[in-house]
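The structure file input_29.cif is reproduced below (mmCIF, C-alpha atoms).
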```
data_coords
#
loop_
_atom_site.label_atom_id
_atom_site.label_comp_id
_atom_site.auth_asym_id
_atom_site.auth_seq_id
_atom_site.Cartn_x
_atom_site.Cartn_y
_atom_site.Cartn_z
CA MET A 1 33.73 28.52 -2.93
CA ALA A 2 31.55 25.41 -2.73
CA GLU A 3 28.41 25.20 -4.84
CA THR A 4 25.11 25.39 -3.00
CA HIS A 5 22.72 22.43 -3.04
CA ILE A 6 19.16 22.83 -1.75
CA VAL A 7 17.54 19.69 -0.34
CA VAL A 8 13.74 19.85 -0.55
CA LEU A 9 12.81 17.32 2.13
CA ASN A 10 9.34 15.83 2.48
CA GLY A 11 8.14 16.87 5.94
CA LYS A 12 7.14 13.31 6.81
CA ARG A 13 10.85 12.36 6.80
CA ALA A 14 12.21 15.33 8.73
CA GLY A 15 13.11 13.22 11.78
CA ASP A 16 15.03 10.55 9.84
CA ASP A 17 18.47 10.10 11.45
CA GLY A 18 19.87 8.56 8.28
CA ILE A 19 19.16 11.77 6.37
CA ARG A 20 20.80 13.86 9.08
CA GLN A 21 23.89 11.65 8.93
CA ALA A 22 24.04 11.90 5.14
CA VAL A 23 23.77 15.71 5.24
CA ARG A 24 26.40 15.88 7.97
CA HIS A 25 28.75 13.66 5.96
CA LEU A 26 28.58 15.87 2.88
CA ARG A 27 28.94 19.06 4.90
CA GLU A 28 32.06 17.69 6.58
CA SER A 29 33.48 16.97 3.13
CA GLY A 30 33.05 20.64 2.20
CA GLU A 31 29.69 20.69 0.43
CA ASP A 32 27.19 23.50 1.04
CA ILE A 33 24.04 21.47 1.72
CA GLN A 34 20.98 23.46 2.82
CA VAL A 35 17.79 21.66 3.85
CA ARG A 36 14.25 22.98 3.37
CA VAL A 37 11.43 20.94 4.95
CA THR A 38 7.98 20.93 3.35
CA TRP A 39 4.83 21.58 5.38
CA GLU A 40 2.24 22.34 2.69
CA PRO A 41 2.06 22.07 -1.14
CA GLU A 42 3.02 25.72 -1.73
CA ASP A 43 6.40 25.15 -0.07
CA ILE A 44 8.06 23.34 -2.98
CA PRO A 45 7.59 26.11 -5.60
CA ARG A 46 8.81 28.60 -2.99
CA PHE A 47 11.91 26.52 -2.19
CA VAL A 48 12.74 26.13 -5.90
CA ARG A 49 12.35 29.88 -6.36
CA GLU A 50 14.69 30.42 -3.40
CA ALA A 51 17.20 28.00 -4.91
CA ARG A 52 17.28 30.07 -8.07
CA GLN A 53 17.76 33.26 -6.08
CA LEU A 54 20.69 31.65 -4.26
CA LYS A 55 22.09 30.48 -7.61
CA ALA A 56 22.07 26.92 -6.27
CA ALA A 57 23.69 24.32 -8.49
CA THR A 58 21.21 21.61 -7.53
CA VAL A 59 17.71 21.19 -6.16
CA ILE A 60 17.54 17.76 -4.52
CA ALA A 61 14.08 16.19 -4.28
CA ALA A 62 14.17 14.18 -1.03
CA GLY A 63 11.02 12.09 -0.85
CA GLY A 64 8.95 9.75 -2.99
CA ASP A 65 7.79 9.98 -6.59
CA GLY A 66 5.28 12.69 -5.66
CA THR A 67 8.00 14.92 -4.22
CA ILE A 68 10.13 14.42 -7.34
CA ASN A 69 7.13 15.31 -9.48
CA ALA A 70 6.46 18.50 -7.50
CA VAL A 71 10.09 19.63 -7.72
CA CYS A 72 10.19 18.90 -11.48
CA SER A 73 6.93 20.76 -12.00
CA ALA A 74 8.34 23.77 -10.14
CA LEU A 75 11.55 23.67 -12.18
CA MET A 76 9.53 23.60 -15.41
CA THR A 77 7.99 27.00 -14.63
CA TYR A 78 11.36 28.63 -15.38
CA PRO A 79 13.24 28.98 -18.69
CA ALA A 80 15.55 26.03 -19.40
CA GLU A 81 18.71 28.06 -18.97
CA LYS A 82 17.62 29.18 -15.49
CA ARG A 83 16.72 25.77 -14.06
CA PRO A 84 19.04 24.30 -11.41
CA VAL A 85 20.08 20.68 -11.88
CA LEU A 86 17.75 18.07 -10.35
CA GLY A 87 19.09 15.63 -7.78
CA ILE A 88 17.13 12.78 -6.18
CA LEU A 89 17.23 11.33 -2.67
CA PRO A 90 14.62 8.51 -2.72
CA LEU A 91 12.61 8.29 0.51
CA GLY A 92 9.13 7.18 -0.63
CA THR A 93 7.08 4.00 -0.58
CA ALA A 94 7.62 2.86 -4.15
CA ASN A 95 10.50 5.05 -5.43
CA ASP A 96 9.70 3.86 -8.95
CA PHE A 97 11.74 6.43 -10.83
CA ALA A 98 14.78 6.21 -8.54
CA THR A 99 14.75 2.41 -8.52
CA ALA A 100 14.55 2.13 -12.32
CA ALA A 101 17.30 4.75 -12.65
CA GLY A 102 19.60 2.81 -10.32
CA ILE A 103 19.88 5.56 -7.70
CA PRO A 104 21.31 4.01 -4.50
CA ALA A 105 18.97 3.24 -1.62
CA ASP A 106 21.75 4.16 0.82
CA LYS A 107 21.01 7.75 1.86
CA THR A 108 24.61 8.96 1.98
CA LYS A 109 25.46 7.47 -1.42
CA ALA A 110 22.25 8.83 -2.94
CA LEU A 111 22.86 12.33 -1.54
CA LEU A 112 26.46 12.27 -2.78
CA LEU A 113 25.23 11.34 -6.27
CA ALA A 114 22.51 14.03 -6.11
CA ALA A 115 25.07 16.72 -5.29
CA LYS A 116 28.16 15.61 -7.22
CA GLY A 117 26.98 13.30 -10.02
CA SER A 118 27.36 14.31 -13.65
CA PRO A 119 24.23 16.04 -15.02
CA VAL A 120 22.41 14.40 -17.91
CA ALA A 121 19.74 16.05 -20.06
CA ILE A 122 16.46 14.13 -19.73
CA ASP A 123 12.97 14.41 -21.20
CA ILE A 124 9.86 15.45 -19.27
CA GLY A 125 6.31 14.36 -20.03
CA CYS A 126 3.60 17.01 -20.27
CA ILE A 127 -0.21 16.79 -20.14
CA ASN A 128 -2.46 19.47 -21.61
CA GLU A 129 0.51 21.86 -21.67
CA SER A 130 0.07 22.47 -17.93
CA HIS A 131 1.00 19.37 -15.90
CA TYR A 132 4.29 17.48 -15.90
CA PHE A 133 5.66 14.05 -15.08
CA ILE A 134 9.20 12.73 -15.01
CA ASN A 135 8.28 9.06 -14.74
CA MET A 136 4.82 7.89 -15.79
CA ALA A 137 1.14 8.74 -16.08
CA THR A 138 -1.14 5.80 -15.36
CA GLY A 139 -4.88 5.50 -15.93
CA GLY A 140 -7.54 2.89 -15.27
CA PHE A 141 -7.24 0.35 -12.48
CA GLY A 142 -3.79 1.53 -11.29
CA PRO A 143 -4.63 5.05 -10.03
CA LYS A 144 -7.72 3.77 -8.24
CA ILE A 145 -5.65 1.26 -6.30
CA THR A 146 -2.80 3.71 -5.64
CA THR A 147 -5.20 6.30 -4.22
CA ASP A 148 -7.13 3.74 -2.17
CA THR A 149 -4.19 1.87 -0.61
CA PRO A 150 -3.97 2.56 3.16
CA GLU A 151 -0.85 4.30 4.48
CA ALA A 152 -0.37 1.57 7.10
CA LEU A 153 -0.18 -1.08 4.37
CA LYS A 154 2.35 0.98 2.41
CA SER A 155 4.47 1.44 5.54
CA THR A 156 4.55 -2.31 6.12
CA PHE A 157 4.92 -3.70 2.60
CA GLY A 158 6.32 -0.80 0.57
CA GLY A 159 5.61 -0.92 -3.16
CA ALA A 160 4.09 -4.41 -2.88
CA ALA A 161 1.21 -2.85 -0.91
CA TYR A 162 -0.41 -1.64 -4.14
CA PHE A 163 -0.53 -5.15 -5.56
CA LEU A 164 -1.69 -6.71 -2.29
CA HIS A 165 -4.43 -4.15 -1.82
CA GLY A 166 -5.51 -4.58 -5.45
CA LEU A 167 -6.16 -8.25 -4.86
CA THR A 168 -8.71 -7.34 -2.18
CA ARG A 169 -10.53 -4.65 -4.17
CA SER A 170 -12.17 -6.29 -7.17
CA ASP A 171 -14.81 -3.54 -7.01
CA LEU A 172 -12.17 -1.13 -8.36
CA LEU A 173 -11.41 -3.40 -11.31
CA LYS A 174 -13.45 -1.29 -13.74
CA ALA A 175 -12.46 -0.30 -17.24
CA ASP A 176 -12.55 3.16 -18.82
CA HIS A 177 -14.25 3.36 -22.22
CA CYS A 178 -11.98 5.78 -24.06
CA THR A 179 -10.42 6.79 -27.36
CA ILE A 180 -6.63 6.75 -27.72
CA SER A 181 -4.72 8.13 -30.71
CA CYS A 182 -1.09 8.66 -31.68
CA ASP A 183 0.54 8.93 -35.09
CA ASP A 184 -1.28 6.38 -37.33
CA PHE A 185 -2.75 4.48 -34.36
CA HIS A 186 -6.42 4.95 -33.37
CA TRP A 187 -8.11 2.79 -30.72
CA GLN A 188 -11.52 2.94 -29.07
CA ASP A 189 -12.53 0.36 -26.48
CA ASP A 190 -12.56 -0.42 -22.74
CA ALA A 191 -9.13 -0.01 -21.16
CA LEU A 192 -8.41 -1.57 -17.80
CA VAL A 193 -4.85 -0.20 -17.51
CA ILE A 194 -3.19 2.65 -19.42
CA GLY A 195 0.44 3.66 -19.02
CA VAL A 196 2.09 6.66 -20.69
CA GLY A 197 5.72 6.34 -19.80
CA ASN A 198 8.74 8.59 -19.88
CA GLY A 199 10.16 6.12 -17.36
CA CYS A 200 9.43 2.40 -17.38
CA GLN A 201 7.74 1.41 -14.11
CA ALA A 202 5.02 2.51 -11.69
CA GLY A 203 2.93 1.26 -8.77
CA GLY A 204 5.81 -0.23 -6.81
CA GLY A 205 7.92 -1.83 -9.54
CA HIS A 206 5.40 -2.85 -12.22
CA LYS A 207 7.05 -2.35 -15.63
CA LEU A 208 4.14 -0.97 -17.61
CA CYS A 209 6.43 0.52 -20.27
CA PRO A 210 9.56 -1.68 -20.09
CA ASP A 211 11.28 -0.14 -23.12
CA ALA A 212 10.79 3.51 -22.12
CA ARG A 213 13.89 5.70 -21.84
CA ILE A 214 14.10 9.21 -20.44
CA ASN A 215 16.36 10.66 -23.13
CA ASP A 216 14.95 9.25 -26.39
CA GLY A 217 12.50 12.08 -27.18
CA LEU A 218 9.53 9.69 -27.06
CA LEU A 219 6.71 8.59 -24.78
CA ASN A 220 5.78 4.92 -24.51
CA LEU A 221 2.13 3.87 -24.48
CA SER A 222 0.82 0.62 -22.98
CA ILE A 223 -2.86 -0.37 -23.00
CA LEU A 224 -4.42 -3.42 -21.41
CA PRO A 225 -7.90 -3.80 -22.96
CA GLU A 226 -10.52 -5.23 -20.65
CA ARG A 227 -11.33 -7.97 -23.16
CA ASN A 228 -7.70 -9.21 -22.88
CA TRP A 229 -7.78 -9.51 -19.13
CA PRO A 230 -7.48 -13.07 -17.87
CA ARG A 231 -6.33 -12.68 -14.28
CA SER A 232 -3.57 -15.17 -14.96
CA LEU A 233 -1.85 -12.47 -17.06
CA TRP A 234 -1.23 -10.24 -14.01
CA ASN A 235 2.35 -11.40 -13.57
CA SER A 236 3.22 -11.43 -17.26
CA LEU A 237 1.84 -7.92 -17.71
CA PHE A 238 4.20 -6.47 -15.15
CA ASN A 239 7.31 -8.41 -16.09
CA GLU A 240 9.87 -7.08 -18.49
CA GLY A 241 9.04 -7.44 -22.15
CA GLU A 242 5.84 -7.24 -24.16
CA ALA A 243 3.01 -9.32 -22.69
CA GLU A 244 0.32 -11.05 -24.73
CA GLY A 245 -2.79 -8.91 -25.12
CA VAL A 246 -1.06 -5.62 -24.20
CA ILE A 247 -0.94 -2.91 -26.88
CA MET A 248 2.35 -1.01 -26.95
CA LYS A 249 3.20 2.08 -29.02
CA ARG A 250 5.74 4.93 -29.02
CA SER A 251 5.13 8.53 -30.02
CA THR A 252 5.90 12.16 -29.27
CA ARG A 253 2.20 12.97 -28.84
CA ILE A 254 -0.71 10.90 -27.51
CA THR A 255 -4.34 11.91 -27.03
CA ILE A 256 -6.80 10.14 -24.71
CA SER A 257 -10.45 11.13 -24.33
CA ALA A 258 -13.61 9.76 -22.72
CA ALA A 259 -17.24 10.76 -22.30
CA HIS A 260 -16.82 10.44 -18.53
CA GLU A 261 -14.16 11.73 -16.15
CA MET A 262 -10.98 9.69 -16.01
CA VAL A 263 -8.19 9.84 -13.45
CA PHE A 264 -4.51 9.77 -14.39
CA ASN A 265 -1.85 9.38 -11.76
CA LEU A 266 1.19 11.54 -12.56
CA ASP A 267 4.09 10.16 -10.50
CA GLY A 268 1.64 9.73 -7.62
CA GLU A 269 -0.34 12.94 -8.17
CA PRO A 270 -3.94 12.55 -9.48
CA LEU A 271 -5.27 14.53 -12.46
CA THR A 272 -8.96 14.29 -13.43
CA GLY A 273 -10.51 15.15 -16.78
CA GLN A 274 -12.12 13.93 -19.98
CA GLN A 275 -9.49 15.04 -22.50
CA PHE A 276 -5.75 14.48 -22.13
CA THR A 277 -3.03 15.43 -24.58
CA PHE A 278 0.36 13.95 -23.72
CA SER A 279 3.54 15.34 -25.23
CA VAL A 280 7.24 14.94 -24.59
CA LEU A 281 9.60 17.84 -23.89
CA PRO A 282 13.04 16.59 -25.02
CA GLU A 283 16.07 17.32 -22.81
CA ALA A 284 13.95 19.61 -20.65
CA ILE A 285 15.96 19.38 -17.44
CA GLN A 286 19.39 18.29 -16.23
CA CYS A 287 19.39 15.46 -13.70
CA ARG A 288 22.24 13.85 -11.76
CA LEU A 289 22.03 10.10 -12.44
CA PRO A 290 24.29 7.06 -12.02
CA PRO A 291 26.91 6.50 -14.76
CA HIS A 292 25.15 3.36 -16.02
CA CYS A 293 21.56 4.49 -15.48
CA GLY A 294 19.08 1.91 -16.76
CA LEU A 295 16.66 4.60 -17.99
CA LEU A 296 19.09 6.12 -20.50
CA SER A 297 19.22 4.98 -24.11
#
```

Show how you would write the structure in this file as structure tokens.
Amino acid sequence: MAETHIVVLNGKRAGDDGIRQAVRHLRESGEDIQVRVTWEPEDIPRFVREARQLKAATVIAAGGDGTINAVCSALMTYPAEKRPVLGILPLGTANDFATAAGIPADKTKALLLAAKGSPVAIDIGCINESHYFINMATGGFGPKITTDTPEALKSTFGGAAYFLHGLTRSDLLKADHCTISCDDFHWQDDALVIGVGNGCQAGGGHKLCPDARINDGLLNLSILPERNWPRSLWNSLFNEGEAEGVIMKRSTRITISAAHEMVFNLDGEPLTGQQFTFSVLPEAIQCRLPPHCGLLS
């Protein structure tokens, strides 16, 4: 009897013919692929609960980074031994996690990998013991631009829309005065960009934490202080490797606090607060990834 795979499909993509063809292809090859389409936020936890009840082998997050985050967060509410394997069908604007992981853009190939690929144990990032991220949490300038970028611009330019929109919104280029600590590192100053990475890139391909790996038991921290911000460094900051003026650390636990409210973007989902404690949960979930995934150490 074929294993069951539940596809949690972002409702915005329900009419996509390419997805229908991919599902049809796998069904014709003998796979039990069942599709659940989201309408409101409460749907994803309900679909994951249903997947467990059906003893599904895989829950496939079909959407962008936000959909993947919501599916991961729902999986994390269950004991490790009762979590189905995570599969990913990238359908979003940026697809930062899927792109860095090397998941195919072709829908049929991606769905085949999501259902039949070999599971790998990967880490999950956690904030304040209550919120999760599989890829990255970003603070400062990045979340403001991500939240403010018009949907029409994202539809036209994809991940590049965040950068293009950022060039037009200098009013959002404001630093957060905050305190950041991890291990023997303590820093207090004005941060323009903060990245806490399980994965390596965010905001449509910008490699904030280029050395981050999703199975090394660590989180990567990148800070761009406001005082180190010549605009000419924009390109070097987001290219692979350590850029001049950017502080980079690695740790299992990072604390960030401010006297004012800050916003962190967790895989596309905003979280507001004044105190954030980041921790890594090693090998928290199983995920079907390509054999030579670039996010694995």

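The interatomic distance for the pair CA of Val35 in chain A and CA of Ile6 in chain A works out to 5.9 Å.
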
Checklist entry - What does the distance between CA of His5 in chain A and CA of Ile285 in chain A come to in Å, to one decimal place? => result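 These two atoms are separated by 16.2 Å.
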
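CA of Ile124 in chain A lies 20.4 Å from CA of Gly92 in chain A.
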
Checklist entry - Could you write out as a list in words the residues that the PyMOL selection byres ((chain A and resi 34) around 12) matches in the shown file? => result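 Those residues are Glu3, Thr4, His5, Ile6, Val7, Val8, Leu9, Arg20, Val23, Arg24, Leu26, Arg27, Glu31, Asp32, Ile33, Val35, Arg36, Val37, Phe47, Glu50, Ala51, Leu54, Ala56, Ala57, Thr58, Val59, Ile60 and Ala115 of chain A.
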
Next on the checklist: Selection in question (the file shown): the PyMOL selection byres ((chain A and resi 198) around 9). Which residues does it include, as an MDAnalysis selection string?
Outcome noted: chainID A and resid 123:125 133:137 196:197 199:200 209 212:215 217:220 280

Checklist entry - Written as number ranges by chain, what is the full residue list that the PyMOL selection byres ((chain A and resi 130) around 10) yields on the file shown? => result A: 73, 76-77, 126-129, 131-132

Next on the checklist: For Leu113 in chain A, find every residue with an atom within 12 Å (counting only C-alpha atoms), except residues of its own chain fewer than 3 positions away, and show them as number ranges by chain.
Outcome noted: A: 5, 22, 26, 58, 60, 86-90, 98, 102-110, 116-119, 287-291

Checklist entry - Nearest to Leu91 in chain A: which of A:Leu271, A:Leu112, A:Ala62, A:Ile256 is it, counting only C-alpha atoms? => result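 When distances to Leu91 in chain A are compared using only C-alpha atoms, the smallest one comes from A:Ala62.
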
Range 11-28 of chain A: axis-aligned bounding box, 4 Å on each side, centre and edge lengths in Å, one decimal, as lines of an AutoDock Vina configuration file:
```
center_x = 19.6
center_y = 13.8
center_z = 7.3
size_x = 32.9
size_y = 18.5
size_z = 16.9
```

Next on the checklist: I'd like to know which of A:Ala121, A:Thr255, A:Glu269, A:Gly139 is closest to Leu296 in chain A, using only C-alpha atoms.
Outcome noted: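 With only C-alpha atoms as the atom set, the closest residue is A:Ala121.
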
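You can rank A:Asp65, A:His260, A:Val120, A:Ala175 by their closest distance to His292 in chain A using only C-alpha atoms, and at the top of that list sits A:Val120.
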
Item to check | Shortest interatomic distance to His186 in chain A - which of A:Leu111, A:Lys249, A:Lys174, A:Lys207, counting all atoms listed in the file | outcome: A:Lys249

Item to check | Using only C-alpha atoms: which of A:Gly294, A:Gly64, A:Gly195, A:Pro225 has the shortest distance to Asp96 in chain A | outcome: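 Counting only C-alpha atoms, the residue closest to Asp96 in chain A is A:Gly64.
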